[in-house]
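Please read the structure below before turning to the comments.
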Amino acid sequence: MEGLRRGLSRWKRYHIKVHLADEALLLPLTVRPRDTLSDLRAQLVGQGVCSWKRTFYYNARRLDDHQTVRDVRLQDGSVLLLVSDPSWRRWRRDQGDWR
């Protein structure tokens, strides 16, 4: 029974949303439990959104790119927050880039 459950999980899909705080956008994504946050970034690039130098948050927790949807415990209808990474801005300022 456990093998059947694992087999079916690869077909499972979650419909989530990613809130881009800087642009005030809410983008829908369809993800699988085994997708990593890097996979989500690739989907966003496919939609024309640059997620470089931005950080994902869920339930006020910072998420790492290697975590999977299952690890983060995302469910159908969940909303991820994608915000600019303040440490990147600090690094650019230290390098003399004031953009």
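Within each chain, counting starts at residue 1; across the structure tokens, chains are named A, B, ... in the order shown, with ligands numbered 1 upward in that order.
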
Using only C-alpha atoms, I'd like a table of the residues in region 22-44 of chain A that come within 8 Å of region 13-17 of chain A; for each, show the closest atom pair and its distance in Å rounded to one decimal, ordered by chain and ascending number, as JSON lines.
{"residue": "A:Leu26", "atom": "CA", "partner": "A:Lys17", "partner_atom": "CA", "distance": 6.3}
{"residue": "A:Leu27", "atom": "CA", "partner": "A:Lys17", "partner_atom": "CA", "distance": 5.3}
{"residue": "A:Pro28", "atom": "CA", "partner": "A:Lys17", "partner_atom": "CA", "distance": 4.3}
{"residue": "A:Leu29", "atom": "CA", "partner": "A:Ile16", "partner_atom": "CA", "distance": 5.4}
{"residue": "A:Thr30", "atom": "CA", "partner": "A:His15", "partner_atom": "CA", "distance": 4.6}
{"residue": "A:Val31", "atom": "CA", "partner": "A:Tyr14", "partner_atom": "CA", "distance": 5.3}
{"residue": "A:Arg32", "atom": "CA", "partner": "A:Arg13", "partner_atom": "CA", "distance": 4.8}
{"residue": "A:Pro33", "atom": "CA", "partner": "A:Arg13", "partner_atom": "CA", "distance": 7.2}

Write out, as an mmCIF file, in the first residue's frame, the residues just selected, with N, CA, C and O atoms.
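And here's out17.cif as it stands now:
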data_model
loop_
_atom_site.group_PDB
_atom_site.id
_atom_site.type_symbol
_atom_site.label_atom_id
_atom_site.label_comp_id
_atom_site.auth_asym_id
_atom_site.auth_seq_id
_atom_site.Cartn_x
_atom_site.Cartn_y
_atom_site.Cartn_z
ATOM 1 N N LEU A 26 0.666 38.645 -8.178
ATOM 2 C CA LEU A 26 0.353 37.332 -7.621
ATOM 3 C C LEU A 26 0.268 36.359 -8.798
ATOM 4 O O LEU A 26 -0.656 36.431 -9.600
ATOM 5 N N LEU A 27 1.277 35.482 -8.921
ATOM 6 C CA LEU A 27 1.364 34.584 -10.063
ATOM 7 C C LEU A 27 0.983 33.155 -9.683
ATOM 8 O O LEU A 27 1.494 32.632 -8.693
ATOM 9 N N PRO A 28 0.141 32.503 -10.469
ATOM 10 C CA PRO A 28 -0.210 31.112 -10.191
ATOM 11 C C PRO A 28 0.856 30.161 -10.735
ATOM 12 O O PRO A 28 1.444 30.400 -11.794
ATOM 13 N N LEU A 29 1.133 29.088 -9.988
ATOM 14 C CA LEU A 29 2.053 28.039 -10.413
ATOM 15 C C LEU A 29 1.435 26.684 -10.095
ATOM 16 O O LEU A 29 0.693 26.551 -9.118
ATOM 17 N N THR A 30 1.765 25.686 -10.888
ATOM 18 C CA THR A 30 1.377 24.314 -10.600
ATOM 19 C C THR A 30 2.659 23.550 -10.301
ATOM 20 O O THR A 30 3.588 23.552 -11.111
ATOM 21 N N VAL A 31 2.718 22.921 -9.125
ATOM 22 C CA VAL A 31 3.939 22.253 -8.681
ATOM 23 C C VAL A 31 3.625 20.831 -8.237
ATOM 24 O O VAL A 31 2.478 20.494 -7.944
ATOM 25 N N ARG A 32 4.680 20.005 -8.192
ATOM 26 C CA ARG A 32 4.590 18.639 -7.693
ATOM 27 C C ARG A 32 5.276 18.562 -6.335
ATOM 28 O O ARG A 32 6.147 19.386 -6.030
ATOM 29 N N PRO A 33 4.952 17.576 -5.505
ATOM 30 C CA PRO A 33 5.583 17.475 -4.186
ATOM 31 C C PRO A 33 7.100 17.361 -4.227
ATOM 32 O O PRO A 33 7.777 17.834 -3.323
#

So that I can check the secondary structure, give me every residue of region 25-71 of chain A assigned strand (DSSP E or B) by backbone DSSP, as number ranges by chain.
A: 25-31, 36, 54-58, 61-62, 68

Quick one: residues within 12 Å of Glu23 (chain A), only C-alpha atoms, excluding same-chain residues fewer than 6 positions away - as number ranges by chain?
A: 49-51, 81-84

Only N, CA and C atoms, please: the residues just picked out, written as a short mmCIF file (atom, residue, chain, number, x, y, z; two decimals), in the first residue's frame.
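Saved file selection33.cif follows:
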data_model
loop_
_atom_site.label_atom_id
_atom_site.label_comp_id
_atom_site.auth_asym_id
_atom_site.auth_seq_id
_atom_site.Cartn_x
_atom_site.Cartn_y
_atom_site.Cartn_z
N VAL A 49 9.65 36.25 -15.17
CA VAL A 49 9.95 36.89 -13.88
C VAL A 49 11.34 36.47 -13.44
N CYS A 50 12.19 37.43 -13.17
CA CYS A 50 13.53 37.15 -12.67
C CYS A 50 13.46 36.98 -11.15
N SER A 51 13.83 35.80 -10.68
CA SER A 51 13.79 35.55 -9.24
C SER A 51 15.19 35.59 -8.63
N LEU A 81 5.84 34.02 -0.62
CA LEU A 81 6.25 35.41 -0.77
C LEU A 81 7.66 35.43 -1.35
N LEU A 82 7.87 36.20 -2.38
CA LEU A 82 9.18 36.33 -3.01
C LEU A 82 9.59 37.80 -2.92
N VAL A 83 10.61 38.07 -2.10
CA VAL A 83 11.05 39.45 -1.87
C VAL A 83 12.53 39.60 -2.20
N SER A 84 12.93 40.82 -2.49
CA SER A 84 14.34 41.11 -2.74
C SER A 84 15.15 40.80 -1.51
#

Taking only C-alpha atoms into account, name the residue in A:Thr36, A:Ser78, A:Gln43, A:Thr55 that is nearest to Leu20 (chain A).
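Smallest separation from Leu20 (chain A) among the options: A:Thr55.
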
Please compute the CA of Gln75 (chain A)-CA of Lys53 (chain A) distance, one decimal, in Å.
25.3 Å

Give the answer as one residue: which of A:Trp11, A:Asp22, A:Asp85, A:Asp39 has the shortest atom-to-atom distance to His66 (chain A), using only C-alpha atoms?
A:Asp39

Between A:Asp76, A:Val18, A:Asn59, A:Arg70, which has the minimum distance to Leu40 (chain A) (counting only C-alpha atoms)?
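Nearest to Leu40 (chain A): A:Val18.
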